[in-house]
Each structure stands twice: as C-alpha cells, then as structure tokens.
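**Q** Have a peek at run_7.tsv (TSV, C-alpha atoms and all ligand atoms).
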chain	number	residue	atom	x	y	z
A	375	MET	CA	118.71	203.62	120.10
A	376	SER	CA	121.02	206.38	121.33
A	377	ARG	CA	119.49	209.18	123.37
A	378	LYS	CA	119.22	212.59	121.66
A	379	MET	CA	121.66	215.07	123.24
A	380	PHE	CA	121.25	218.85	123.48
A	381	ASN	CA	123.46	221.94	123.53
A	382	ILE	CA	122.50	223.86	126.66
A	383	ALA	CA	123.37	227.38	127.87
A	384	VAL	CA	122.90	228.70	131.40
A	385	ALA	CA	122.73	232.50	131.47
A	386	GLY	CA	123.40	233.75	135.02
A	387	ALA	CA	125.51	230.66	135.72
A	388	THR	CA	127.46	232.25	138.59
A	389	GLY	CA	124.33	233.18	140.58
A	390	ALA	CA	122.32	231.34	143.26
A	391	VAL	CA	119.81	229.94	140.74
A	392	GLY	CA	122.37	229.39	137.95
A	393	ASN	CA	124.55	227.29	140.25
A	394	GLU	CA	121.54	225.13	141.17
A	395	MET	CA	120.68	224.77	137.47
A	396	ILE	CA	124.14	223.34	136.77
A	397	ARG	CA	123.79	220.94	139.72
A	398	GLY	CA	120.27	219.99	138.56
A	399	LEU	CA	121.39	219.23	134.97
A	400	GLU	CA	123.98	216.90	136.53
A	401	SER	CA	121.81	215.21	139.15
A	402	ARG	CA	118.79	214.72	136.85
A	403	ASN	CA	121.09	213.33	134.16
A	404	PHE	CA	119.84	215.77	131.51
A	405	PRO	CA	121.10	214.76	128.03
A	406	VAL	CA	123.70	217.55	127.73
A	407	LYS	CA	125.96	217.44	124.65
A	408	ASN	CA	127.67	220.73	125.38
A	409	LEU	CA	127.16	223.21	128.25
A	410	LYS	CA	127.83	226.94	127.89
A	411	LEU	CA	128.04	229.00	131.06
A	412	LEU	CA	127.23	232.70	130.66
A	413	ALA	CA	127.33	235.61	133.12
A	414	SER	CA	128.32	239.27	133.20
A	415	LYS	CA	131.69	240.60	132.04
A	416	ARG	CA	132.74	240.56	135.74
A	417	SER	CA	132.80	236.75	135.78
A	418	VAL	CA	134.80	236.16	132.60
A	419	GLY	CA	137.94	234.27	133.63
A	420	ARG	CA	136.14	232.19	136.28
A	421	THR	CA	135.55	228.49	135.78
A	422	LEU	CA	132.68	226.37	137.14
A	423	LYS	CA	132.50	222.59	137.42
A	424	PHE	CA	130.07	220.40	135.46
A	425	GLN	CA	130.35	216.60	135.62
A	426	GLY	CA	133.85	216.96	137.01
A	427	GLU	CA	135.09	219.23	134.18
A	428	ASP	CA	136.06	222.90	134.49
A	429	ILE	CA	134.01	225.10	132.14
A	430	ALA	CA	135.09	228.70	131.49
A	431	VAL	CA	132.42	231.35	132.08
A	432	GLU	CA	131.73	233.46	128.98
A	433	GLU	CA	130.10	236.86	128.69
A	434	LEU	CA	126.35	236.89	127.97
A	435	THR	CA	126.09	238.21	124.39
A	436	ALA	CA	123.73	237.56	121.47
A	437	GLU	CA	126.46	235.61	119.67
A	438	ALA	CA	126.81	233.16	122.58
A	439	PHE	CA	123.57	231.37	121.58
A	440	LYS	CA	124.71	230.14	118.17
A	441	GLY	CA	124.17	226.35	118.04
A	442	VAL	CA	122.43	226.26	121.45
A	443	ASP	CA	119.18	224.21	121.66
A	444	ILE	CA	117.88	225.30	125.09
A	445	ALA	CA	118.95	228.34	127.13
A	446	LEU	CA	118.11	228.48	130.84
A	447	PHE	CA	118.09	232.17	131.87
A	448	SER	CA	118.55	233.37	135.46
A	449	ALA	CA	120.46	236.62	134.99
A	450	GLY	CA	117.69	239.03	136.09
A	451	GLY	CA	114.95	240.92	134.27
A	452	GLY	CA	117.10	243.40	132.30
A	453	PRO	CA	119.36	240.81	130.66
A	454	SER	CA	116.30	238.58	129.98
A	455	LEU	CA	114.42	241.40	128.25
A	456	GLU	CA	117.44	242.15	126.09
A	457	PHE	CA	118.87	238.71	125.35
A	458	ALA	CA	115.96	236.21	125.44
A	459	PRO	CA	114.55	237.42	122.06
A	460	LYS	CA	118.08	237.43	120.61
A	461	ALA	CA	118.66	233.87	121.83
A	462	ALA	CA	115.30	232.80	120.39
A	463	ALA	CA	116.19	234.46	117.08
A	464	ALA	CA	119.41	232.43	117.07
A	465	GLY	CA	117.22	229.29	117.13
A	466	CYS	CA	117.20	228.20	120.74
A	467	VAL	CA	114.27	227.87	123.13
A	468	VAL	CA	114.62	230.07	126.22
A	469	VAL	CA	113.33	229.03	129.65
A	470	ASP	CA	113.39	232.30	131.60
A	471	ASN	CA	113.42	232.62	135.39
A	472	SER	CA	112.94	236.38	135.61
A	473	SER	CA	109.58	238.16	135.68
A	474	ALA	CA	110.29	239.90	132.35
A	475	TRP	CA	108.14	237.66	130.11
A	476	ARG	CA	105.71	235.98	132.52
A	477	MET	CA	102.60	237.96	131.69
A	478	ASP	CA	103.24	238.23	127.93
A	479	PRO	CA	100.20	236.54	126.31
A	480	GLU	CA	102.50	234.94	123.72
A	481	VAL	CA	104.76	233.38	126.36
A	482	PRO	CA	103.63	230.24	128.22
A	483	LEU	CA	104.00	230.39	132.02
A	484	VAL	CA	104.52	226.85	133.20
A	485	VAL	CA	104.47	224.73	136.34
A	486	PRO	CA	104.78	221.21	134.87
A	487	GLU	CA	102.54	219.69	137.58
A	488	ALA	CA	99.80	222.23	136.74
A	489	ASN	CA	99.88	223.11	133.02
A	490	ALA	CA	102.55	221.14	131.15
A	491	HIS	CA	100.35	221.33	128.02
A	492	ALA	CA	101.04	225.09	127.80
A	493	ILE	CA	104.67	224.37	126.81
A	494	ALA	CA	103.45	223.83	123.23
A	495	GLY	CA	102.94	227.63	123.03
A	496	TYR	CA	106.73	228.17	123.03
A	497	VAL	CA	106.60	228.28	119.23
A	498	LYS	CA	105.15	231.82	119.26
A	499	LYS	CA	108.17	233.62	120.73
A	500	GLY	CA	110.67	230.85	121.47
A	501	ILE	CA	110.40	231.77	125.18
A	502	ILE	CA	108.82	229.92	128.13
A	503	ALA	CA	108.57	231.68	131.48
A	504	ASN	CA	109.22	230.06	134.85
A	505	PRO	CA	106.76	231.49	137.40
A	506	ASN	CA	107.61	233.29	140.61
A	507	CYS	CA	108.94	230.88	143.28
A	508	SER	CA	106.03	231.47	145.70
A	509	THR	CA	103.46	230.85	142.98
A	510	ILE	CA	105.13	227.61	141.83
A	511	GLN	CA	105.02	225.86	145.20
A	512	MET	CA	101.48	227.06	145.96
A	513	LEU	CA	100.17	225.67	142.66
A	514	VAL	CA	101.90	222.29	143.01
A	515	ALA	CA	99.58	221.79	146.00
A	516	LEU	CA	96.46	223.64	144.83
A	517	THR	CA	96.13	222.42	141.23
A	518	PRO	CA	94.55	219.02	142.05
A	519	ILE	CA	92.09	220.75	144.42
A	520	HIS	CA	91.20	223.30	141.74
A	521	ARG	CA	90.72	220.63	139.07
A	522	LYS	CA	88.25	218.69	141.25
A	523	TYR	CA	86.44	221.28	143.36
A	524	GLY	CA	87.12	224.63	141.62
A	525	ILE	CA	88.92	227.25	143.70
A	526	ARG	CA	86.91	230.42	144.31
A	527	ARG	CA	89.41	232.33	146.47
A	528	ILE	CA	92.94	232.04	147.88
A	529	VAL	CA	94.32	234.03	150.84
A	530	VAL	CA	98.07	233.48	151.14
A	531	SER	CA	100.74	234.77	153.53
A	532	THR	CA	104.34	233.92	152.75
A	533	TYR	CA	107.48	233.54	154.86
A	534	GLN	CA	110.23	233.85	152.25
A	535	ALA	CA	113.92	232.96	152.56
A	536	VAL	CA	116.67	235.48	151.77
A	537	SER	CA	118.09	233.26	148.99
A	538	GLY	CA	115.09	234.43	146.95
A	539	THR	CA	116.97	237.72	146.58
A	540	GLY	CA	120.15	236.04	145.32
A	541	LYS	CA	123.63	235.44	146.61
A	542	LYS	CA	124.19	239.00	147.96
A	543	ALA	CA	121.21	238.59	150.31
A	544	ILE	CA	122.50	235.25	151.62
A	545	ASP	CA	125.74	237.06	152.54
A	546	GLU	CA	123.78	239.92	154.12
A	547	LEU	CA	121.89	237.63	156.52
A	548	LEU	CA	125.15	235.86	157.43
A	549	ASP	CA	127.07	239.11	157.98
A	550	GLN	CA	124.26	240.76	159.96
A	551	THR	CA	123.74	237.70	162.19
A	552	ARG	CA	127.47	237.51	162.90
A	553	ALA	CA	127.62	241.27	163.64
A	554	MET	CA	124.60	241.14	165.99
A	555	LEU	CA	126.03	238.21	167.95
A	556	HIS	CA	129.32	240.11	168.38
A	557	PHE	CA	127.63	243.44	169.30
A	558	MET	CA	129.13	245.09	166.22
A	559	ASP	CA	127.67	247.61	163.75
A	560	VAL	CA	125.23	245.81	161.45
A	561	PRO	CA	126.06	246.16	157.73
A	562	ARG	CA	123.06	246.74	155.41
A	563	LYS	CA	123.17	246.79	151.58
A	564	VAL	CA	120.42	244.63	150.08
A	565	TYR	CA	117.23	245.15	152.15
A	566	PRO	CA	115.75	248.48	153.33
A	567	HIS	CA	115.91	247.29	156.97
A	568	ARG	CA	117.88	244.76	158.99
A	569	ILE	CA	116.83	241.20	158.07
A	570	ALA	CA	118.71	239.36	160.86
A	571	PHE	CA	116.31	238.68	163.79
A	572	ASN	CA	113.56	240.56	161.94
A	573	CYS	CA	110.72	240.12	159.39
A	574	LEU	CA	110.10	242.49	156.47
A	575	PRO	CA	106.53	242.74	155.14
A	576	GLN	CA	107.90	243.97	151.81
A	577	ILE	CA	109.18	241.87	148.91
A	578	ASP	CA	110.01	243.89	145.80
A	579	VAL	CA	108.65	247.41	145.32
A	580	PHE	CA	105.27	248.84	146.35
A	581	LEU	CA	102.66	249.46	143.65
A	582	GLU	CA	99.93	252.11	143.54
A	583	ASN	CA	97.31	249.73	145.03
A	584	GLY	CA	99.40	249.31	148.20
A	585	TYR	CA	100.45	245.75	147.37
A	586	THR	CA	104.03	244.82	146.53
A	587	LYS	CA	105.04	243.58	143.09
A	588	GLU	CA	105.69	240.12	144.58
A	589	GLU	CA	102.14	240.01	145.95
A	590	MET	CA	100.62	240.96	142.59
A	591	LYS	CA	102.81	238.36	140.84
A	592	MET	CA	101.10	235.69	142.97
A	593	VAL	CA	97.69	237.05	141.98
A	594	ASN	CA	98.27	237.39	138.23
A	595	GLU	CA	100.48	234.34	137.69
A	596	THR	CA	98.06	232.02	139.56
A	597	ARG	CA	95.21	233.08	137.25
A	598	LYS	CA	97.34	232.68	134.11
A	599	ILE	CA	98.63	229.20	135.05
A	600	LEU	CA	95.24	227.86	136.20
A	601	GLU	CA	93.65	229.48	133.12
A	602	ASP	CA	90.90	231.00	135.25
A	603	SER	CA	90.75	234.77	135.63
A	604	SER	CA	87.80	234.52	138.04
A	605	ILE	CA	89.86	233.09	140.94
A	606	GLY	CA	90.19	235.64	143.74
A	607	VAL	CA	93.74	235.79	145.11
A	608	THR	CA	95.06	238.06	147.84
A	609	ALA	CA	98.63	237.82	149.15
A	610	THR	CA	100.88	239.23	151.87
A	611	THR	CA	104.52	238.40	151.20
A	612	VAL	CA	107.07	238.60	154.00
A	613	ARG	CA	110.86	238.16	154.00
A	614	VAL	CA	112.10	236.20	157.03
A	615	PRO	CA	115.63	235.44	158.29
A	616	VAL	CA	115.76	231.93	156.80
A	617	PHE	CA	118.43	231.03	154.22
A	618	TYR	CA	116.65	228.47	152.03
A	619	SER	CA	112.97	227.50	151.43
A	620	HIS	CA	109.82	229.58	151.39
A	621	SER	CA	106.85	228.73	153.62
A	622	GLU	CA	103.24	229.72	152.95
A	623	ALA	CA	100.06	229.75	155.03
A	624	VAL	CA	97.35	229.23	152.41
A	625	ASN	CA	93.60	229.56	152.97
A	626	VAL	CA	91.42	228.26	150.15
A	627	GLU	CA	87.69	228.51	149.47
A	628	THR	CA	86.34	226.06	146.90
A	629	ARG	CA	83.19	226.32	144.77
A	630	GLU	CA	82.08	222.73	145.47
A	631	ALA	CA	81.88	220.99	148.85
A	632	PHE	CA	84.71	218.55	149.64
A	633	SER	CA	85.48	215.94	152.26
A	634	MET	CA	88.75	216.20	154.17
A	635	GLU	CA	89.37	212.54	153.36
A	636	ASP	CA	89.28	213.28	149.64
A	637	ILE	CA	91.48	216.39	150.00
A	638	ARG	CA	94.08	214.27	151.82
A	639	SER	CA	93.95	211.62	149.13
A	640	LEU	CA	94.25	214.23	146.33
A	641	LEU	CA	97.30	215.77	148.02
A	642	ALA	CA	98.85	212.36	148.70
A	643	SER	CA	98.74	211.44	145.01
A	644	ALA	CA	99.68	214.87	143.56
A	645	PRO	CA	102.90	214.82	141.50
A	646	GLY	CA	105.85	216.66	143.05
A	647	LEU	CA	104.07	216.98	146.40
A	648	ARG	CA	104.84	215.21	149.70
A	649	VAL	CA	102.39	215.26	152.60
A	650	VAL	CA	104.10	215.81	155.97
A	651	ASP	CA	101.20	216.05	158.38
A	652	ASP	CA	101.19	214.23	161.70
A	653	PRO	CA	100.24	216.67	164.45
A	654	ALA	CA	100.29	213.90	167.07
A	655	SER	CA	104.05	213.56	166.62
A	656	GLN	CA	104.59	217.27	165.81
A	657	ARG	CA	105.46	216.56	162.19
A	658	TYR	CA	104.82	219.32	159.64
A	659	PRO	CA	106.80	220.88	156.76
A	660	MET	CA	109.69	223.14	157.76
A	661	PRO	CA	112.22	225.07	155.66
A	662	MET	CA	115.11	223.05	157.08
A	663	ASP	CA	113.54	219.84	155.77
A	664	ALA	CA	112.57	221.20	152.34
A	665	ALA	CA	116.01	222.75	151.64
A	666	GLY	CA	117.96	220.76	149.08
A	667	GLN	CA	114.86	218.79	147.95
A	668	ASP	CA	112.90	218.98	144.70
A	669	ASP	CA	109.55	218.06	146.31
A	670	THR	CA	107.06	220.59	147.64
A	671	LEU	CA	105.92	219.72	151.19
A	672	VAL	CA	102.38	220.23	152.51
A	673	GLY	CA	101.04	219.85	156.02
A	674	ARG	CA	98.80	221.41	158.72
A	675	ILE	CA	95.93	220.25	156.49
A	676	ARG	CA	92.68	221.26	158.14
A	677	LYS	CA	89.16	222.48	157.46
A	678	ASP	CA	88.63	226.23	157.81
A	679	GLU	CA	85.70	226.07	160.21
A	680	SER	CA	84.79	229.74	159.70
A	681	ILE	CA	83.36	229.28	156.16
A	682	GLU	CA	81.46	226.59	154.27
A	683	ASN	CA	84.05	225.26	151.79
A	684	GLY	CA	87.25	226.41	153.46
A	685	LEU	CA	90.62	224.71	153.79
A	686	ASN	CA	93.94	225.65	155.41
A	687	LEU	CA	97.33	224.38	154.25
A	688	TRP	CA	100.99	225.05	155.10
A	689	ILE	CA	103.19	224.69	152.00
A	690	VAL	CA	107.00	224.69	152.01
A	691	ALA	CA	109.53	224.27	149.17
A	692	ASP	CA	113.15	225.06	148.36
A	693	ASN	CA	112.84	228.34	146.44
A	694	ILE	CA	116.09	227.85	144.55
A	695	ARG	CA	115.20	224.30	143.51
A	696	LYS	CA	111.45	223.77	142.85
A	697	GLY	CA	110.94	227.57	142.98
A	698	ALA	CA	113.48	228.18	140.22
A	699	ALA	CA	116.12	225.73	138.90
A	700	THR	CA	114.19	222.44	139.17
A	701	ASN	CA	111.02	223.87	137.62
A	702	ALA	CA	113.08	225.28	134.71
A	703	ILE	CA	114.87	221.96	134.17
A	704	GLN	CA	111.56	220.04	134.29
A	705	ILE	CA	110.32	222.35	131.50
A	706	ALA	CA	113.54	221.71	129.55
A	707	GLU	CA	113.06	217.95	130.05
A	708	LEU	CA	109.55	218.12	128.59
A	709	LEU	CA	110.82	220.25	125.69
A	710	ALA	CA	113.56	217.71	124.99
A	711	GLU	CA	111.22	214.71	125.26
A	712	LYS	CA	108.22	216.03	123.36
A	713	TYR	CA	109.02	219.05	121.25
A	714	LEU	CA	112.63	219.28	120.07
A	801	LIG	P1	122.08	236.22	141.80
A	801	LIG	O1	122.55	235.19	142.76
A	801	LIG	O2	122.29	237.65	142.15
A	801	LIG	O3	122.78	235.93	140.36
A	801	LIG	C1	122.60	236.75	139.26
A	801	LIG	C2	123.27	236.15	138.04
A	801	LIG	O4	122.99	236.96	136.89
A	801	LIG	C3	124.79	236.07	138.15
A	801	LIG	O5	125.24	234.95	137.42
A	801	LIG	C4	125.21	237.37	137.46
A	801	LIG	O6	126.52	237.31	136.91
A	801	LIG	C5	124.22	237.42	136.33
A	801	LIG	N1	124.04	238.79	135.82
A	801	LIG	C6	123.62	239.87	136.50
A	801	LIG	N2	123.59	240.96	135.68
A	801	LIG	C7	123.99	240.53	134.46
A	801	LIG	C8	124.19	241.17	133.20
A	801	LIG	N3	123.95	242.47	133.03
A	801	LIG	N4	124.62	240.41	132.17
A	801	LIG	C9	124.87	239.10	132.33
A	801	LIG	N5	124.71	238.44	133.49
A	801	LIG	C10	124.27	239.14	134.55
A	801	LIG	O7	120.52	236.08	141.51
A	801	LIG	P2	119.57	234.75	141.52
A	801	LIG	O8	118.89	234.62	142.83
A	801	LIG	O9	120.35	233.61	140.98
A	801	LIG	O10	118.40	235.20	140.52
A	801	LIG	C11	118.59	235.28	139.13
A	801	LIG	C12	117.25	235.44	138.45
A	801	LIG	O11	116.38	234.36	138.81
A	801	LIG	C13	116.48	236.71	138.81
A	801	LIG	O12	115.77	237.15	137.67
A	801	LIG	C14	115.52	236.25	139.86
A	801	LIG	O13	114.37	237.07	139.94
A	801	LIG	C15	115.17	234.88	139.34
A	801	LIG	N6	114.64	233.98	140.36
A	801	LIG	C16	115.29	233.82	141.54
A	801	LIG	C17	114.74	232.95	142.48
A	801	LIG	C18	115.40	232.73	143.78
A	801	LIG	O14	114.77	232.07	144.65
A	801	LIG	N7	116.63	233.20	144.01
A	801	LIG	C19	113.58	232.27	142.23
A	801	LIG	C20	112.94	232.46	141.02
A	801	LIG	C21	113.49	233.32	140.10
A	801	LIG	P3	127.81	237.87	137.73
A	801	LIG	O15	128.12	236.85	138.79
A	801	LIG	O16	128.83	237.94	136.65
A	801	LIG	O17	127.40	239.19	138.30
Kindly present the structure from the file in structure tokens form.
**A**
Amino acid sequence: MSRKMFNIAVAGATGAVGNEMIRGLESRNFPVKNLKLLASKRSVGRTLKFQGEDIAVEELTAEAFKGVDIALFSAGGGPSLEFAPKAAAAGCVVVDNSSAWRMDPEVPLVVPEANAHAIAGYVKKGIIANPNCSTIQMLVALTPIHRKYGIRRIVVSTYQAVSGTGKKAIDELLDQTRAMLHFMDVPRKVYPHRIAFNCLPQIDVFLENGYTKEEMKMVNETRKILEDSSIGVTATTVRVPVFYSHSEAVNVETREAFSMEDIRSLLASAPGLRVVDDPASQRYPMPMDAAGQDDTLVGRIRKDESIENGLNLWIVADNIRKGAATNAIQIAELLAEKYL
C-alpha cells in the first residue's frame, strides 16, 4: 500500500527554527507531497533547499494555505495570532511554535512523550501549540517520575543558549565575542546588556510579580501539559553565552517516596531521553553534546538530601531541535499517522 503524502507549509522558513524544521522534515523522512516555504515580504526572492531542490520563499498570507494539510508555524507571536486561525479556516492543521496560543483552553499544548493523547483536541480550533523550549526538555525527563510518584514541587534554574532568541542573537554573540577579543567597541542590538562573557538573569519581559514571562511560561505550561494545576513550579531563567542547547538544574519533590534505583530505571527507559551520568569518569550532559541531537540528555542524578522526597537532575537539550522543530514535527507525525 502506498504511503499517504501531505502538503506541508513552514511559516517562518528563513528563521533559526524554520530552517531546522526543513532539515527535520528531510531527515525524519516525513511524507511530504509538496512543501511551501513562507516568510516575511523581506525574504521573497530567496530560495531554500529541500531534498536537493530549490524552493522559492513566498510571503506569509492567508491565501498561501489553500490546499495545505499541515502548517508548521515559527514566525513569531504576531504572525501566529493573525495567520494561524486563517490557516485553520483554510482547512489545514497548524502546529504553532510561538507562545500566542499555548494557554488557550481550546488549543492542545503537546510534548509527545508526555501527553500525545491531547493532540485529539486539535479539532476545536485547528491549532496545536508547541510548548516553550525549556518546558519541553524538562517534561521529557519529569513525566515518567510524575506518573509514578506524583510531583509536588519543581524548582528549576535554566542556562539558555542565545539561539533561543533567533538568528539575530546568534550573530550578536558572535560579533560581541569577536569584538571583545580584538579590544573593539562591543555592538549591542538584541539583549539589554552584553551577552558575550556574561550571564543575563532575564529572558523575555518582566511581569508585575517580579518573574519574567519565560519563567511564568515554565510554571503555567508545565501544569497544563501534566494536567495537574496543583504542582508547585518556580523558575529562574538565565541567558548564557552558549550558541545551541539549553541546560537546566532541576530540583523535584515527589508526593510518594522513591528509590534512586527506580528513578534511574524510569529515566533509562523514558522515550526521547538519554541518561549521561557517570561521575567517576566525569560524564554528564553538556550543551556541546546535545547540540544537533533530537534526544534530551539527563545526568547528575542524585537524591536531594535536604528534604524527604527530593531529587536533583541536570537536563540538557538542543533548543532548536527538541525545544522547537523536532517537537513540532513529532506532533505532525502523530497527526499524519492517527488523525488526518
Ligand atoms: P528567527 O530566527 O528570528 O526567525 C523568524 C522567522 O519568522 C523568519 O523566517 C522571519 O522571516 C519570519 N517572520 C518574522 N516576522 C514575520 C512576519 N511579520 N510575517 C511573516 N514572517 C515573519 O526566530 P526563531 O528563533 O526561528 O523563532 C521563531 C518562533 O519560534 C518564535 O515565535 C519563537 O518564540 C519560537 N521558538 C523559538 C525557539 C528557539 O529556540 N529559537 C524555541 C521555541 C519556539 P524573515 O526572514 O523574512 O524576516
């Protein structure tokens, strides 16, 4: 029997995430019949390669979605708010990477390893939201622990790569590093302070409660995906001068007592997760090892000896891949296999 093929659009195709989506459709052998590449007016005239062919970039408009089955959006919140409903009205299912639709009760928010069943809810609005990159990788590791022991509280501190801010931020870290090493004036456009040789305890804007928007995304999205509003989550999110892959120090308190042996075995068999944890030979997850991979890495697995049911983990993943493009393509794969 021949495999069903799908018309796919990537909105934001010229960006950091969009580029990885195109590569992911290729490398995961997604059944693409036709691929449309959409971006702003600025990019019309450019071509991008898919499976060895040049594809012309078109402007993101409502009309562009005619005949499209699945649209992968990574063009930012404004374009998603405007065009995702128009794309859905044209008959395609949108998988959106921005934060625009994540907390809408009629839009499923999906990490396939945690709540693939929620995809069925796409029928309400024709939109599925991809969670924030930091939330995705944390939940790939924590879901099996939550399912078995019930998580009461999470305390997370992140060390996030500049690629999480898009291609302009990648250039900013490069330009600033080069300028510093040559004792030149340091250019600054994207971040409020220098990012080269520095750490910024601010990701996104500050809210009235003193937390940043990124920190509150981790709180609210975790509860929505795990379908448990009673889980306490507190986050400190920090931008660090790393190009690719976010790292997270995660402290967890469970409701039920666990053995470390069982935690290790749960993590070892969790889908999408790879345990890298051998202190004797100084092996632990690092951004340079996670970059370019689809797996989430977990290590530094140890009991928190300061509380009864406490656990410490160090979780690292490529923010552009599992944190964005790969997660979106996994959702599209499940849509294609089970729903369309
Ligand atoms: P990026 O590198 O700056 O790329 C932005 C893309 O959106 C480009 O293709 C750009 O097209 C397009 N675009 C911008 N404004 C547009 C408009 N008005 N109309 C049509 N297209 C427009 O950003 P990114 O890192 O790929 O992020 C894209 C989205 O994914 C954001 O919503 C971001 O929050 C989300 N996301 C990013 C990450 C990450 O780790 N980077 C993770 C999860 C989610 P032009 O090239 O023509 O300007």
**Q** With all atoms listed in the file as the basis for distance, which of A:Met379, A:Leu671, A:Leu708, A:Ala691 is at the shortest distance from ligand LIG 801 (chain A)?
**A**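 Using all atoms listed in the file, the shortest distance to ligand LIG 801 (chain A) belongs to A:Ala691.
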**Q** Go ahead and fit an axis-aligned box to every listed atom of ligand LIG 801 (chain A) plus 4 Å each side, and pass me the centre and edge lengths in Å, one decimal, as JSON.
**A**
{"center_x": 120.9, "center_y": 237.3, "center_z": 138.4, "size_x": 23.9, "size_y": 18.4, "size_z": 20.5}
**Q** Counting only C-alpha atoms and all ligand atoms, which residues of chain A sit at most 6 Å from some atom of ligand LIG 801 (chain A), and what is each one's closest atom pair with its distance in Å to one decimal, listed by chain and rising residue number, as a tab-separated table?
**A**
residue	atom	partner	partner_atom	distance
A:Gly386	CA	A:LIG801	O5	3.3
A:Ala387	CA	A:LIG801	O5	4.6
A:Thr388	CA	A:LIG801	O5	3.7
A:Gly389	CA	A:LIG801	O3	3.2
A:Ala390	CA	A:LIG801	O9	3.8
A:Val391	CA	A:LIG801	O9	3.7
A:Gly392	CA	A:LIG801	O9	5.6
A:Ala413	CA	A:LIG801	N5	3.9
A:Ser414	CA	A:LIG801	C9	3.6
A:Arg416	CA	A:LIG801	O16	4.8
A:Ser417	CA	A:LIG801	O16	4.2
A:Leu434	CA	A:LIG801	C9	5.1
A:Ser448	CA	A:LIG801	C12	3.9
A:Ala449	CA	A:LIG801	O4	3.2
A:Gly450	CA	A:LIG801	O12	3.1
A:Gly451	CA	A:LIG801	O12	5.1
A:Pro453	CA	A:LIG801	N3	5.4
A:Asn471	CA	A:LIG801	C21	4.8
A:Ser472	CA	A:LIG801	O12	3.6
A:Asn506	CA	A:LIG801	C20	5.4
A:Cys507	CA	A:LIG801	C20	4.9
A:Ser537	CA	A:LIG801	N7	5.2
A:Gly538	CA	A:LIG801	O14	3.3
A:Thr539	CA	A:LIG801	N7	5.2
A:Gly540	CA	A:LIG801	O8	3.1
A:Lys541	CA	A:LIG801	O1	4.0
A:Asn693	CA	A:LIG801	O14	4.6
A:Ile694	CA	A:LIG801	O14	4.4
A:Gly697	CA	A:LIG801	C19	5.4
A:Ala698	CA	A:LIG801	C20	4.4
**Q** Env of range 621-632 of chain A: 7 Å cut, atoms = only C-alpha atoms, seq-sep filter 3 positions within chain, self excluded. Answer as a list in words.
**A**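 Neighbouring residues, sequence-local ones excluded: Tyr523, Gly524, Ile525, Arg526, Arg527, Ile528, Val529, Val530, Ser531, Thr532, Tyr533, Gln534, Asp636, Pro661, Asn683, Gly684, Leu685, Asn686, Leu687, Trp688, Ile689, Val690 and Ala691 of chain A.
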**Q** Restrict the selected residues to C-alpha atoms and save them as a JSON list (two decimals), keeping the file's coordinate frame.
**A**
[["chain", "number", "residue", "atom", "x", "y", "z"],
["A", 523, "TYR", "CA", 86.44, 221.28, 143.36],
["A", 524, "GLY", "CA", 87.12, 224.63, 141.62],
["A", 525, "ILE", "CA", 88.92, 227.25, 143.70],
["A", 526, "ARG", "CA", 86.91, 230.42, 144.31],
["A", 527, "ARG", "CA", 89.41, 232.33, 146.47],
["A", 528, "ILE", "CA", 92.94, 232.04, 147.88],
["A", 529, "VAL", "CA", 94.32, 234.03, 150.84],
["A", 530, "VAL", "CA", 98.07, 233.48, 151.14],
["A", 531, "SER", "CA", 100.74, 234.77, 153.53],
["A", 532, "THR", "CA", 104.34, 233.92, 152.75],
["A", 533, "TYR", "CA", 107.48, 233.54, 154.86],
["A", 534, "GLN", "CA", 110.23, 233.85, 152.25],
["A", 636, "ASP", "CA", 89.28, 213.28, 149.64],
["A", 661, "PRO", "CA", 112.22, 225.07, 155.66],
["A", 683, "ASN", "CA", 84.05, 225.26, 151.79],
["A", 684, "GLY", "CA", 87.25, 226.41, 153.46],
["A", 685, "LEU", "CA", 90.62, 224.71, 153.79],
["A", 686, "ASN", "CA", 93.94, 225.65, 155.41],
["A", 687, "LEU", "CA", 97.33, 224.38, 154.25],
["A", 688, "TRP", "CA", 100.99, 225.05, 155.10],
["A", 689, "ILE", "CA", 103.19, 224.69, 152.00],
["A", 690, "VAL", "CA", 107.00, 224.69, 152.01],
["A", 691, "ALA", "CA", 109.53, 224.27, 149.17]]
**Q** Between CA of Tyr585 in chain A and CA of Val612 in chain A, what distance in Å does the model show, to one decimal?
**A**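 Those two atoms sit 11.8 Å apart.
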**Q** I'd like to know which of A:Leu422, A:Leu547, A:Ala492, A:Ile501 is closest to Glu394 in chain A, using only C-alpha atoms.
**A**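 Among the listed residues, the smallest separation from Glu394 in chain A belongs to A:Leu422.
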**Q** Could you give me, as a list of chain:residue names, the residues that have an atom at most 8 Å away from the point (106.3, 240.4, 143.8) in the coordinates of the file, using only C-alpha atoms?
**A**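 Every polymer residue passing the test: A:Asn506, A:Ile577, A:Asp578, A:Val579, A:Thr586, A:Lys587, A:Glu588, A:Glu589, A:Met590, A:Lys591, A:Met592, A:Thr611.
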**Q** Using all atoms listed in the file, which of A:His620, A:His520, A:Arg674, A:Lys460 sits nearest Ala438 in chain A?
**A** A:Lys460
**Q** Distance CA of Ala503 in chain A-CA of Val481 in chain A, one decimal place?
**A**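 About the pair CA of Ala503 in chain A and CA of Val481 in chain A: they are 6.6 Å apart.
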**Q** Taking (92.7, 234.4, 141.6) in the coordinates of the supplied file, I want to know which residues reach to within 7 Å of it, counting all atoms listed in the file; could you give the answer as a PyMOL selection string?
**A** chain A and resi 527-528+593+596-597+603-607
**Q** List the neighbours of Asp669 in chain A out to 8 Å using all atoms listed in the file; skip same-chain residues closer than 4 positions along the sequence, and give me the result as a PyMOL selection string.
**A** chain A and resi 646-648+664+691+696
**Q** Choose the residue, out of A:Thr610, A:Asp668, A:Glu711, A:Glu432, that has the smallest atom-to-atom separation from Val418 in chain A; count only C-alpha atoms.
**A** A:Glu432
